[in-house]
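The file final-v7.txt contains compact mmCIF, C-alpha atoms and all ligand atoms:
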# COMPACT_ATOMS: atom_id res chain seq x y z
CA MET A 1 19.31 15.07 -14.82
CA THR A 2 18.06 15.43 -18.35
CA ASP A 3 14.52 14.43 -19.20
CA LYS A 4 15.58 11.28 -21.02
CA LYS A 5 13.64 8.21 -19.88
CA ILE A 6 15.43 6.76 -16.90
CA ARG A 7 15.03 3.37 -15.28
CA PHE A 8 13.15 2.61 -12.07
CA GLU A 9 16.32 1.94 -10.02
CA THR A 10 17.63 5.38 -11.04
CA GLU A 11 14.32 7.16 -10.59
CA VAL A 12 14.01 6.09 -6.93
CA ILE A 13 17.20 8.11 -6.34
CA HIS A 14 16.79 11.09 -8.70
CA ALA A 15 13.22 11.70 -9.89
CA GLY A 16 11.65 15.01 -8.86
CA TYR A 17 14.82 16.58 -7.45
CA HIS A 18 17.16 19.14 -9.02
CA GLN A 19 20.24 20.08 -6.98
CA ASP A 20 20.65 23.39 -8.81
CA GLU A 21 17.36 24.62 -7.34
CA HIS A 22 18.62 23.96 -3.79
CA ASN A 23 22.13 25.44 -3.50
CA GLY A 24 23.65 22.21 -4.82
CA SER A 25 22.57 20.18 -1.79
CA LEU A 26 23.14 16.56 -2.80
CA VAL A 27 20.06 15.28 -0.96
CA PRO A 28 16.71 17.09 -0.77
CA PRO A 29 16.76 19.68 2.02
CA LEU A 30 14.24 19.47 4.82
CA TYR A 31 11.97 22.53 4.73
CA GLN A 32 10.74 22.24 8.30
CA SER A 33 8.63 25.38 8.07
CA SER A 34 4.92 25.85 8.62
CA THR A 35 4.59 28.95 6.50
CA PHE A 36 6.37 30.95 3.76
CA THR A 37 6.98 34.70 3.72
CA PHE A 38 5.88 36.95 0.87
CA GLN A 39 8.11 39.76 -0.42
CA ASN A 40 5.18 42.16 -0.26
CA ALA A 41 1.41 42.25 0.08
CA GLU A 42 0.87 42.09 -3.68
CA GLN A 43 2.88 38.87 -3.93
CA GLY A 44 0.70 37.37 -1.19
CA GLU A 45 -2.39 38.35 -3.16
CA LYS A 46 -1.02 36.77 -6.35
CA ARG A 47 -0.09 33.52 -4.59
CA PHE A 48 -3.56 33.19 -3.10
CA SER A 49 -5.30 33.99 -6.36
CA GLY A 50 -3.13 31.51 -8.24
CA LEU A 51 -1.64 34.17 -10.54
CA GLU A 52 1.81 33.32 -9.22
CA ASP A 53 3.23 29.88 -8.34
CA GLY A 54 4.92 29.54 -4.99
CA TYR A 55 4.52 28.31 -1.46
CA ILE A 56 2.04 29.82 1.01
CA TYR A 57 1.57 27.54 4.00
CA SER A 58 2.71 23.93 4.47
CA ARG A 59 -0.80 22.44 4.53
CA LEU A 60 -1.17 23.74 0.96
CA GLY A 61 2.27 22.63 -0.18
CA ASN A 62 5.87 22.29 1.00
CA PRO A 63 9.05 21.97 -1.09
CA THR A 64 10.31 18.77 0.61
CA VAL A 65 6.87 17.19 0.28
CA LYS A 66 6.69 18.29 -3.36
CA ILE A 67 9.89 16.36 -4.20
CA LEU A 68 8.41 13.23 -2.65
CA GLU A 69 5.16 13.71 -4.60
CA GLU A 70 7.00 14.09 -7.90
CA ARG A 71 9.18 11.09 -7.18
CA ILE A 72 6.31 8.73 -6.32
CA ALA A 73 4.33 9.95 -9.34
CA ALA A 74 7.29 9.01 -11.56
CA LEU A 75 7.64 5.59 -9.92
CA GLU A 76 3.94 4.74 -10.26
CA LYS A 77 3.90 6.10 -13.84
CA GLY A 78 1.30 8.69 -12.90
CA ASP A 79 0.96 12.37 -13.71
CA ALA A 80 0.89 13.68 -10.17
CA ALA A 81 0.72 12.66 -6.51
CA LEU A 82 -0.18 13.85 -3.03
CA ALA A 83 1.33 12.88 0.30
CA PHE A 84 -0.77 12.37 3.44
CA ALA A 85 -0.30 11.92 7.18
CA SER A 86 -1.15 8.21 6.97
CA GLY A 87 -2.38 5.56 4.61
CA MET A 88 -5.84 5.99 6.11
CA ALA A 89 -5.75 9.78 5.55
CA ALA A 90 -5.06 8.94 1.90
CA VAL A 91 -7.85 6.33 1.69
CA SER A 92 -10.40 8.62 3.36
CA ALA A 93 -9.50 11.61 1.17
CA VAL A 94 -9.85 9.52 -2.01
CA LEU A 95 -13.12 7.86 -1.04
CA SER A 96 -14.65 11.12 0.25
CA ASP A 97 -13.77 12.77 -3.01
CA LEU A 98 -15.15 10.04 -5.28
CA THR A 99 -18.44 9.40 -3.49
CA LYS A 100 -21.56 11.19 -2.30
CA THR A 101 -24.65 10.19 -0.33
CA GLY A 102 -26.50 7.32 -1.99
CA ASP A 103 -23.48 5.94 -3.86
CA HIS A 104 -22.16 2.40 -3.75
CA ILE A 105 -18.55 1.13 -3.54
CA LEU A 106 -17.63 -2.30 -4.87
CA CYS A 107 -14.62 -3.69 -2.98
CA SER A 108 -12.34 -6.64 -3.31
CA GLN A 109 -13.09 -9.44 -0.86
CA GLY A 110 -10.68 -8.62 1.88
CA ILE A 111 -9.49 -5.10 2.51
CA TYR A 112 -7.38 -3.47 5.19
CA GLY A 113 -9.16 -3.53 8.57
CA CYS A 114 -9.41 0.26 8.95
CA THR A 115 -10.61 0.69 5.36
CA PHE A 116 -13.36 -1.74 6.34
CA GLY A 117 -14.05 0.47 9.37
CA LEU A 118 -14.19 3.58 7.18
CA LEU A 119 -16.75 1.94 4.88
CA GLN A 120 -18.93 1.15 7.91
CA LEU A 121 -18.70 4.79 8.92
CA PHE A 122 -19.64 5.94 5.41
CA LYS A 123 -22.66 3.68 5.50
CA GLU A 124 -23.87 4.84 8.91
CA LYS A 125 -23.24 8.55 8.42
CA TYR A 126 -23.67 9.17 4.68
CA GLU A 127 -25.67 6.20 3.34
CA ILE A 128 -22.83 5.22 1.07
CA THR A 129 -23.15 1.46 0.77
CA HIS A 130 -20.60 -1.18 -0.22
CA ASP A 131 -20.36 -4.81 -1.21
CA PHE A 132 -17.48 -7.22 -1.42
CA SER A 133 -16.78 -9.00 -4.66
CA ALA A 134 -14.50 -11.88 -5.64
CA MET A 135 -13.79 -9.91 -8.86
CA ASP A 136 -12.75 -13.19 -10.43
CA SER A 137 -14.43 -12.74 -13.83
CA PRO A 138 -16.20 -10.09 -15.93
CA GLU A 139 -19.48 -11.92 -15.25
CA THR A 140 -19.04 -11.50 -11.49
CA LEU A 141 -18.42 -7.80 -12.00
CA TYR A 142 -21.38 -7.28 -14.33
CA LYS A 143 -23.58 -8.96 -11.74
CA GLU A 144 -22.27 -6.99 -8.76
CA ILE A 145 -21.86 -3.51 -10.21
CA GLN A 146 -24.95 -1.45 -9.40
CA SER A 147 -26.36 1.59 -11.16
CA ASN A 148 -25.04 3.74 -8.27
CA THR A 149 -21.58 2.14 -8.06
CA ALA A 150 -19.20 5.10 -7.94
CA VAL A 151 -15.89 3.37 -7.19
CA ILE A 152 -14.28 -0.03 -7.65
CA TYR A 153 -11.82 -0.41 -4.78
CA ILE A 154 -9.15 -3.11 -4.95
CA GLU A 155 -6.35 -4.57 -2.90
CA THR A 156 -4.16 -7.08 -4.71
CA PRO A 157 -2.52 -9.09 -3.24
CA ILE A 158 -5.31 -9.18 -0.70
CA ASN A 159 -4.26 -8.88 2.91
CA PRO A 160 -3.72 -11.43 4.46
CA THR A 161 -4.83 -14.25 2.18
CA MET A 162 -2.74 -13.18 -0.85
CA LYS A 163 -5.53 -13.67 -3.37
CA LEU A 164 -4.86 -11.69 -6.54
CA ILE A 165 -7.18 -9.72 -8.78
CA ASP A 166 -6.56 -9.37 -12.50
CA LEU A 167 -6.39 -5.59 -12.88
CA GLU A 168 -6.68 -5.52 -16.68
CA MET A 169 -9.82 -7.64 -16.53
CA VAL A 170 -11.45 -5.31 -13.97
CA VAL A 171 -10.41 -2.19 -15.90
CA LYS A 172 -12.07 -3.47 -19.07
CA VAL A 173 -15.45 -3.76 -17.35
CA ALA A 174 -14.99 -0.56 -15.33
CA GLU A 175 -14.15 1.51 -18.41
CA GLU A 176 -17.23 0.27 -20.17
CA LYS A 177 -19.33 1.31 -17.15
CA GLY A 178 -17.43 4.57 -16.58
CA ILE A 179 -16.44 3.69 -12.99
CA PRO A 180 -13.02 4.71 -11.59
CA VAL A 181 -10.77 1.91 -10.33
CA VAL A 182 -8.79 2.63 -7.17
CA VAL A 183 -5.98 0.27 -6.10
CA ASP A 184 -4.34 0.11 -2.69
CA ASN A 185 -0.84 -0.89 -3.83
CA THR A 186 0.74 -1.05 -0.37
CA PHE A 187 1.62 -4.77 -0.48
CA SER A 188 3.51 -4.54 -3.77
CA SER A 189 5.08 -1.08 -3.94
CA PRO A 190 5.62 0.34 -7.43
CA TYR A 191 8.68 -1.88 -7.84
CA LEU A 192 6.50 -4.98 -8.08
CA GLN A 193 3.33 -3.62 -9.66
CA THR A 194 2.15 -0.37 -11.29
CA PRO A 195 -1.67 -0.45 -11.55
CA LEU A 196 -1.86 2.82 -13.54
CA THR A 197 -0.07 1.11 -16.43
CA LYS A 198 -2.93 -1.45 -16.42
CA GLY A 199 -5.48 1.32 -16.86
CA CYS A 200 -6.47 1.85 -13.21
CA ASP A 201 -7.27 5.45 -12.25
CA VAL A 202 -5.88 5.95 -8.77
CA VAL A 203 -3.17 4.29 -6.68
CA ILE A 204 -3.04 4.59 -2.90
CA HIS A 205 -0.17 3.63 -0.60
CA SER A 206 0.30 3.25 3.04
CA ALA A 207 3.86 4.59 2.67
CA THR A 208 4.38 3.39 6.23
CA LYS A 209 5.20 -0.03 4.80
CA PHE A 210 7.59 -0.95 1.95
CA ILE A 211 8.00 2.63 0.68
CA CYS A 212 9.43 3.81 3.99
CA GLY A 213 10.95 0.42 4.70
CA HIS A 214 12.51 1.37 8.02
CA GLY A 215 9.58 1.32 10.43
CA ASP A 216 9.95 4.95 11.49
CA VAL A 217 7.20 6.84 9.60
CA ILE A 218 3.42 6.73 9.23
CA ALA A 219 2.37 8.23 5.90
CA GLY A 220 0.16 7.82 2.86
CA LEU A 221 0.38 8.60 -0.86
CA VAL A 222 -2.14 9.02 -3.67
CA ILE A 223 -1.19 8.97 -7.35
CA GLY A 224 -3.45 9.79 -10.29
CA LYS A 225 -4.23 12.17 -13.13
CA LYS A 226 -2.96 15.72 -12.71
CA GLU A 227 -6.28 17.52 -12.86
CA TRP A 228 -7.91 15.20 -10.34
CA ILE A 229 -4.91 15.34 -8.00
CA GLN A 230 -5.02 19.16 -8.11
CA HIS A 231 -8.71 19.05 -7.29
CA VAL A 232 -8.09 16.77 -4.26
CA ALA A 233 -5.26 19.08 -3.14
CA ARG A 234 -7.69 22.02 -3.16
CA THR A 235 -10.56 20.17 -1.47
CA THR A 236 -10.38 17.01 0.65
CA GLN A 237 -6.66 17.33 1.36
CA LYS A 238 -6.58 21.04 2.12
CA ASP A 239 -9.83 21.18 4.08
CA MET A 240 -9.74 17.85 5.91
CA GLY A 241 -6.08 18.50 6.51
CA GLY A 242 -4.46 15.06 6.74
CA ILE A 243 -1.13 16.25 5.34
CA ILE A 244 2.33 14.72 5.85
CA SER A 245 4.99 16.47 7.92
CA PRO A 246 8.05 17.67 5.97
CA PHE A 247 10.35 15.51 8.12
CA ASP A 248 8.34 12.37 7.34
CA ALA A 249 8.48 13.24 3.63
CA TRP A 250 12.26 13.63 3.98
CA LEU A 251 12.53 10.20 5.63
CA LEU A 252 10.44 8.65 2.85
CA LEU A 253 12.71 10.16 0.19
CA ARG A 254 15.61 8.54 2.00
CA GLY A 255 13.86 5.19 2.35
CA LEU A 256 12.74 5.14 -1.29
CA LYS A 257 16.31 5.16 -2.60
CA THR A 258 16.78 1.55 -1.56
CA LEU A 259 13.29 0.31 -2.51
CA PRO A 260 14.42 -1.95 -5.40
CA VAL A 261 17.36 -3.36 -3.42
CA ARG A 262 15.13 -4.03 -0.43
CA MET A 263 12.28 -5.54 -2.46
CA ASP A 264 14.67 -7.95 -4.18
CA ARG A 265 15.91 -9.13 -0.80
CA HIS A 266 12.41 -9.33 0.76
CA SER A 267 11.27 -11.40 -2.22
CA ASP A 268 14.33 -13.69 -2.22
CA ASN A 269 14.03 -14.36 1.49
CA ALA A 270 10.29 -15.00 1.15
CA ARG A 271 10.81 -17.51 -1.66
CA LYS A 272 13.30 -19.49 0.43
CA LEU A 273 11.11 -19.41 3.54
CA PHE A 274 8.10 -20.53 1.51
CA ASP A 275 10.09 -23.57 0.40
CA PHE A 276 10.88 -24.37 4.00
CA LEU A 277 7.36 -23.79 5.35
CA ARG A 278 5.56 -25.67 2.62
CA LYS A 279 7.33 -28.91 3.55
CA HIS A 280 6.89 -28.52 7.28
CA PRO A 281 4.49 -31.08 8.83
CA LYS A 282 3.09 -28.59 11.37
CA ILE A 283 2.01 -26.09 8.73
CA ASP A 284 -1.52 -26.43 7.42
CA THR A 285 -2.24 -23.98 4.59
CA ILE A 286 0.12 -21.44 3.15
CA TYR A 287 -0.71 -18.38 1.07
CA TYR A 288 2.05 -16.92 -1.06
CA PRO A 289 1.63 -15.50 -4.58
CA GLY A 290 4.90 -17.13 -5.69
CA ASP A 291 3.46 -20.60 -5.03
CA GLN A 292 3.11 -22.27 -8.44
CA GLU A 293 0.04 -24.07 -7.12
CA HIS A 294 -1.52 -20.79 -6.00
CA PRO A 295 -4.78 -20.45 -7.99
CA ASP A 296 -3.79 -16.90 -8.99
CA TYR A 297 -0.18 -17.66 -9.92
CA HIS A 298 -0.86 -16.72 -13.55
CA ILE A 299 -2.10 -13.29 -12.44
CA MET A 300 1.09 -12.79 -10.44
CA GLN A 301 3.14 -13.56 -13.54
CA LYS A 302 1.04 -11.19 -15.60
CA GLN A 303 1.07 -8.11 -13.39
CA MET A 304 3.82 -8.43 -10.79
CA ARG A 305 7.59 -8.38 -11.19
CA GLN A 306 8.02 -10.72 -8.20
CA PRO A 307 5.74 -12.30 -5.61
CA GLY A 308 6.91 -9.95 -2.83
CA GLY A 309 7.83 -10.35 0.79
CA MET A 310 4.56 -11.38 2.43
CA ILE A 311 3.60 -14.95 3.42
CA SER A 312 0.55 -16.04 5.37
CA PHE A 313 0.27 -19.53 6.81
CA SER A 314 -1.79 -21.43 9.32
CA VAL A 315 -0.40 -23.84 11.84
CA LYS A 316 -2.17 -27.12 12.58
CA GLY A 317 -4.18 -26.80 15.77
CA THR A 318 -6.21 -24.01 17.31
CA LYS A 319 -5.97 -20.30 17.98
CA LYS A 320 -4.06 -21.21 21.15
CA THR A 321 -1.49 -23.17 19.09
CA ALA A 322 -0.97 -20.16 16.80
CA GLN A 323 -0.47 -17.87 19.79
CA GLN A 324 1.93 -20.34 21.46
CA PHE A 325 3.93 -20.49 18.26
CA MET A 326 4.20 -16.68 18.14
CA ASN A 327 5.29 -16.55 21.75
CA GLN A 328 8.20 -18.92 21.02
CA LEU A 329 9.67 -16.70 18.30
CA GLN A 330 12.81 -14.82 19.25
CA LEU A 331 14.18 -13.04 16.17
CA ILE A 332 10.80 -12.47 14.49
CA LYS A 333 8.94 -9.74 16.34
CA ILE A 334 5.23 -9.82 17.12
CA ALA A 335 3.89 -6.62 15.57
CA VAL A 336 1.45 -5.38 12.98
CA SER A 337 2.76 -3.37 10.00
CA LEU A 338 4.96 -4.80 7.27
CA GLY A 339 7.73 -4.01 4.86
CA ASP A 340 10.34 -3.25 7.51
CA ALA A 341 13.91 -4.49 7.78
CA GLU A 342 12.81 -6.53 10.80
CA SER A 343 10.72 -9.67 10.20
CA LEU A 344 7.28 -9.16 11.75
CA ILE A 345 4.50 -11.61 12.51
CA GLN A 346 0.90 -10.92 13.47
CA HIS A 347 -2.36 -12.80 14.06
CA PRO A 348 -4.99 -11.25 11.72
CA ALA A 349 -8.06 -12.71 13.49
CA THR A 350 -7.21 -10.93 16.76
CA MET A 351 -5.12 -8.05 15.44
CA THR A 352 -5.42 -6.38 12.00
CA HIS A 353 -8.81 -7.92 11.22
CA ALA A 354 -10.29 -8.03 14.72
CA VAL A 355 -12.79 -5.31 13.71
CA VAL A 356 -14.18 -7.50 10.92
CA PRO A 357 -17.17 -9.56 12.18
CA GLU A 358 -16.34 -13.26 12.52
CA GLU A 359 -18.64 -14.42 9.73
CA GLU A 360 -17.19 -11.86 7.32
CA ARG A 361 -13.69 -12.84 8.44
CA ARG A 362 -14.26 -16.50 7.67
CA LYS A 363 -15.59 -15.58 4.22
CA MET A 364 -12.30 -13.77 3.67
CA GLY A 365 -10.43 -16.96 4.64
CA ILE A 366 -9.06 -15.60 7.90
CA GLU A 367 -9.06 -18.62 10.20
CA ASP A 368 -8.06 -18.47 13.87
CA THR A 369 -4.83 -20.34 13.11
CA LEU A 370 -3.72 -17.97 10.33
CA LEU A 371 -0.56 -15.90 10.79
CA ARG A 372 0.90 -13.22 8.55
CA LEU A 373 4.65 -12.96 8.21
CA SER A 374 6.33 -9.87 6.80
CA VAL A 375 9.68 -11.28 5.76
CA GLY A 376 12.48 -8.92 6.76
CA LEU A 377 15.93 -8.30 5.41
CA GLU A 378 17.80 -10.51 7.89
CA ALA A 379 19.75 -13.56 6.72
CA TRP A 380 17.01 -15.94 5.59
CA GLU A 381 18.69 -18.82 7.44
CA ASP A 382 18.26 -16.96 10.73
CA ILE A 383 14.57 -16.34 10.04
CA LYS A 384 14.15 -20.00 9.08
CA GLU A 385 15.90 -21.25 12.21
CA ASP A 386 13.66 -19.06 14.35
CA LEU A 387 10.52 -20.44 12.67
CA GLU A 388 11.93 -23.96 12.99
CA GLN A 389 12.64 -23.81 16.72
CA ALA A 390 9.21 -22.27 17.42
CA LEU A 391 7.45 -24.94 15.33
CA GLU A 392 9.28 -27.66 17.27
CA LYS A 393 7.76 -26.38 20.49
CA ILE A 394 4.08 -26.60 19.44
C1 LIG B 401 -1.25 -0.24 6.73
C2 LIG B 401 -2.20 -0.27 5.61
C3 LIG B 401 -3.11 0.78 5.39
C4 LIG B 401 -3.24 1.95 6.34
O1 LIG B 401 -2.08 2.72 6.37
P1 LIG B 401 -1.61 3.60 7.62
O2 LIG B 401 -0.35 4.21 7.12
O3 LIG B 401 -1.41 2.68 8.78
O4 LIG B 401 -2.68 4.59 7.90
C5 LIG B 401 -3.94 0.71 4.29
N1 LIG B 401 -3.89 -0.34 3.43
C6 LIG B 401 -3.04 -1.36 3.62
C7 LIG B 401 -3.04 -2.49 2.64
C8 LIG B 401 -2.17 -1.37 4.70
O5 LIG B 401 -1.34 -2.40 4.88
Here is a file; write its structure as structure tokens.
Amino acid sequence: MTDKKIRFETEVIHAGYHQDEHNGSLVPPLYQSSTFTFQNAEQGEKRFSGLEDGYIYSRLGNPTVKILEERIAALEKGDAALAFASGMAAVSAVLSDLTKTGDHILCSQGIYGCTFGLLQLFKEKYEITHDFSAMDSPETLYKEIQSNTAVIYIETPINPTMKLIDLEMVVKVAEEKGIPVVVDNTFSSPYLQTPLTKGCDVVIHSATKFICGHGDVIAGLVIGKKEWIQHVARTTQKDMGGIISPFDAWLLLRGLKTLPVRMDRHSDNARKLFDFLRKHPKIDTIYYPGDQEHPDYHIMQKQMRQPGGMISFSVKGTKKTAQQFMNQLQLIKIAVSLGDAESLIQHPATMTHAVVPEEERRKMGIEDTLLRLSVGLEAWEDIKEDLEQALEKI
């Protein structure tokens, strides 16, 4: 490939890989090796001192992993990237790097359950405090940013209530205050939304989800400015050690090739299912960023290519009704995670957000009757018929 600007759909297949550097192998080879041999002692010395580029040991870098990192950096429009063993390894490396004892983190209202757990841990062990913010206007931000706020941490769409945050609006305030903005972009993937192009500083992914797309890998990614990424590689990543395995990186490179095709189908299916669910008498509320009556619909239009493949809805009744409904489903599987070929449903109040105290949960809008559906790639009619038959039985 030449360096001419190529389009996203081409980059998912080609970015970061040059066949001529790998014996012409069409697809990236899997370097399933823990360490790399030096030609002589002097070469080893030069590699360690940084005088010579090259691989040393797979926790410090691996050629298969490197291809993945270059590819995701290109897709997110960043300078550089790092791959991790899990989304949470990525989140913890980023937040450990950007904070120190006494700092404060301002978070979007509603974050991934384990990120919430990590913030609790930070508070108890390191006196790093946090607050949740609606981030719905500059005024809110000015009021809630403290003198010790070291990071603004955002999920948009927010899991599971699908509220959106206007990234450009947040960046404007954050820049003025000199605070880095970190976005967990797991729900959108770079096909739907690229926060770095809105001025955000760091993007995190649980690559386990849409980026992998096939439900067979747990992994995380971090994308940002080159110098900062190199610093994280030398510190929190190297020394805390949450690195990805070469095989998982290889699977992600394979999954990524179909990201745009998959996201189009996830989004199409979700749109059609939303139309079905919204008219159904047994459905109470429904949260979907493609809903024209969604209060944040204008933000979706502004910063997302499509509304994506996630729908949350509550059934009329109680927690028991929601559980009965889940138990009637046949095609749709009961499981946490998202972004897979298979449609998955889960009950946030007792599953992904069970660690969040009830009062906090209610503030986030997570009622006991709320369900989160990750719309798969099956024929949408089959997903609809499964929902329909289960709704009939409650
Ligand atoms: C799954 C998820 C994570 C955590 O990722 P793992 O790969 O499971 O460690 C973080 N953020 C969001 C939004 C997620 O959905």
So which residues fall inside 9 Å of (-0.9, -18.7, 1.1) if we count only C-alpha atoms? Mind giving them as a count of residues only?
15
Kindly compile the residues surrounding ligand LIG 401 (chain B) within 10 Å, counting all atoms listed in the file, and format them as a PDB file with C-alpha atoms, in the frame of the given file.
ATOM      1  CA  PHE A  84      -0.770  12.370   3.440  1.00  0.00           C
ATOM      2  CA  ALA A  85      -0.300  11.920   7.180  1.00  0.00           C
ATOM      3  CA  SER A  86      -1.150   8.210   6.970  1.00  0.00           C
ATOM      4  CA  GLY A  87      -2.380   5.560   4.610  1.00  0.00           C
ATOM      5  CA  MET A  88      -5.840   5.990   6.110  1.00  0.00           C
ATOM      6  CA  ALA A  89      -5.750   9.780   5.550  1.00  0.00           C
ATOM      7  CA  ALA A  90      -5.060   8.940   1.900  1.00  0.00           C
ATOM      8  CA  VAL A  91      -7.850   6.330   1.690  1.00  0.00           C
ATOM      9  CA  SER A  92     -10.400   8.620   3.360  1.00  0.00           C
ATOM     10  CA  GLY A 110     -10.680  -8.620   1.880  1.00  0.00           C
ATOM     11  CA  ILE A 111      -9.490  -5.100   2.510  1.00  0.00           C
ATOM     12  CA  TYR A 112      -7.380  -3.470   5.190  1.00  0.00           C
ATOM     13  CA  GLY A 113      -9.160  -3.530   8.570  1.00  0.00           C
ATOM     14  CA  CYS A 114      -9.410   0.260   8.950  1.00  0.00           C
ATOM     15  CA  THR A 115     -10.610   0.690   5.360  1.00  0.00           C
ATOM     16  CA  PHE A 116     -13.360  -1.740   6.340  1.00  0.00           C
ATOM     17  CA  ILE A 154      -9.150  -3.110  -4.950  1.00  0.00           C
ATOM     18  CA  GLU A 155      -6.350  -4.570  -2.900  1.00  0.00           C
ATOM     19  CA  THR A 156      -4.160  -7.080  -4.710  1.00  0.00           C
ATOM     20  CA  PRO A 157      -2.520  -9.090  -3.240  1.00  0.00           C
ATOM     21  CA  ILE A 158      -5.310  -9.180  -0.700  1.00  0.00           C
ATOM     22  CA  ASN A 159      -4.260  -8.880   2.910  1.00  0.00           C
ATOM     23  CA  PRO A 160      -3.720 -11.430   4.460  1.00  0.00           C
ATOM     24  CA  VAL A 183      -5.980   0.270  -6.100  1.00  0.00           C
ATOM     25  CA  ASP A 184      -4.340   0.110  -2.690  1.00  0.00           C
ATOM     26  CA  ASN A 185      -0.840  -0.890  -3.830  1.00  0.00           C
ATOM     27  CA  THR A 186       0.740  -1.050  -0.370  1.00  0.00           C
ATOM     28  CA  PHE A 187       1.620  -4.770  -0.480  1.00  0.00           C
ATOM     29  CA  SER A 188       3.510  -4.540  -3.770  1.00  0.00           C
ATOM     30  CA  ILE A 204      -3.040   4.590  -2.900  1.00  0.00           C
ATOM     31  CA  HIS A 205      -0.170   3.630  -0.600  1.00  0.00           C
ATOM     32  CA  SER A 206       0.300   3.250   3.040  1.00  0.00           C
ATOM     33  CA  ALA A 207       3.860   4.590   2.670  1.00  0.00           C
ATOM     34  CA  THR A 208       4.380   3.390   6.230  1.00  0.00           C
ATOM     35  CA  LYS A 209       5.200  -0.030   4.800  1.00  0.00           C
ATOM     36  CA  PHE A 210       7.590  -0.950   1.950  1.00  0.00           C
ATOM     37  CA  VAL A 217       7.200   6.840   9.600  1.00  0.00           C
ATOM     38  CA  ILE A 218       3.420   6.730   9.230  1.00  0.00           C
ATOM     39  CA  ALA A 219       2.370   8.230   5.900  1.00  0.00           C
ATOM     40  CA  GLY A 220       0.160   7.820   2.860  1.00  0.00           C
ATOM     41  CA  LEU A 221       0.380   8.600  -0.860  1.00  0.00           C
ATOM     42  CA  VAL A 336       1.450  -5.380  12.980  1.00  0.00           C
ATOM     43  CA  SER A 337       2.760  -3.370  10.000  1.00  0.00           C
ATOM     44  CA  LEU A 338       4.960  -4.800   7.270  1.00  0.00           C
ATOM     45  CA  GLY A 339       7.730  -4.010   4.860  1.00  0.00           C
ATOM     46  CA  THR A 352      -5.420  -6.380  12.000  1.00  0.00           C
TER      47      THR A 352
END
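Atom CA of Gln109 of chain A is positioned 17.3 Å from atom CA of Ala150 of chain A.
With only C-alpha atoms as the atoms that count, the minimum distance from Thr318 of chain A to the choices A:Thr369, A:Gln306, A:Gln301, A:Gln292 is reached by A:Thr369.
Between Gln146 of chain A and the candidates A:Lys333, A:Leu51, A:Glu127, A:Gly102, the tightest atom-to-atom separation, counting all atoms listed in the file, involves A:Gly102.
Across the structure, atom CA of Glu359 of chain A and atom CA of Ile283 of chain A are spaced 23.7 Å apart.
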Do you know which residues are at most 8 Å from Leu192 of chain A counting all atoms listed in the file, after dropping those on the same chain fewer than 6 positions away, and could you put them as a CSV table (one decimal) with C-alpha atoms, in the frame of the given file?
chain,number,residue,atom,x,y,z
A,304,MET,CA,3.8,-8.4,-10.8
A,305,ARG,CA,7.6,-8.4,-11.2
A,306,GLN,CA,8.0,-10.7,-8.2
A,307,PRO,CA,5.7,-12.3,-5.6
A,308,GLY,CA,6.9,-10.0,-2.8
Counting all atoms listed in the file, which residues in segment 147-222 of chain A sit no more than 8 Å from segment 69-81 of chain A? For each one, give the nearest pair of atoms and the distance in Å, sorted by chain then residue number, as JSON lines.
{"residue": "A:Pro190", "atom": "CA", "partner": "A:Glu76", "partner_atom": "CA", "distance": 5.5}
{"residue": "A:Tyr191", "atom": "CA", "partner": "A:Leu75", "partner_atom": "CA", "distance": 7.8}
{"residue": "A:Thr194", "atom": "CA", "partner": "A:Glu76", "partner_atom": "CA", "distance": 5.5}
{"residue": "A:Pro195", "atom": "CA", "partner": "A:Glu76", "partner_atom": "CA", "distance": 7.8}
{"residue": "A:Leu196", "atom": "CA", "partner": "A:Lys77", "partner_atom": "CA", "distance": 6.6}
{"residue": "A:Thr197", "atom": "CA", "partner": "A:Lys77", "partner_atom": "CA", "distance": 6.9}
{"residue": "A:Val203", "atom": "CA", "partner": "A:Glu76", "partner_atom": "CA", "distance": 8.0}
{"residue": "A:Leu221", "atom": "CA", "partner": "A:Ala81", "partner_atom": "CA", "distance": 7.0}
{"residue": "A:Val222", "atom": "CA", "partner": "A:Ala81", "partner_atom": "CA", "distance": 5.4}
What are the centre and edge lengths in Å, to one decimal, of the axis-aligned box around all listed atoms of segment 217-222 of chain A with 3 Å added on each side, as JSON?
{"center_x": 2.5, "center_y": 7.9, "center_z": 3.0, "size_x": 15.3, "size_y": 8.3, "size_z": 19.3}
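The spacing separating atom CA of Asp368 of chain A from atom CA of Lys272 of chain A amounts to 25.3 Å.
Proximity ranking of A:Ser133, A:Leu26, A:Pro260, A:Thr35 relative to Met364 of chain A places A:Ser133 first, based on all atoms listed in the file.
Across A:Lys316, A:Lys198, A:Lys5, A:His22, the tightest approach to His280 of chain A is made by A:Lys316 when counting only C-alpha atoms.
Candidate residues A:Val12, A:Gly376, A:Arg271, A:Gln39 were compared for distance to Gly255 of chain A, and the nearest is A:Val12, using all atoms listed in the file.
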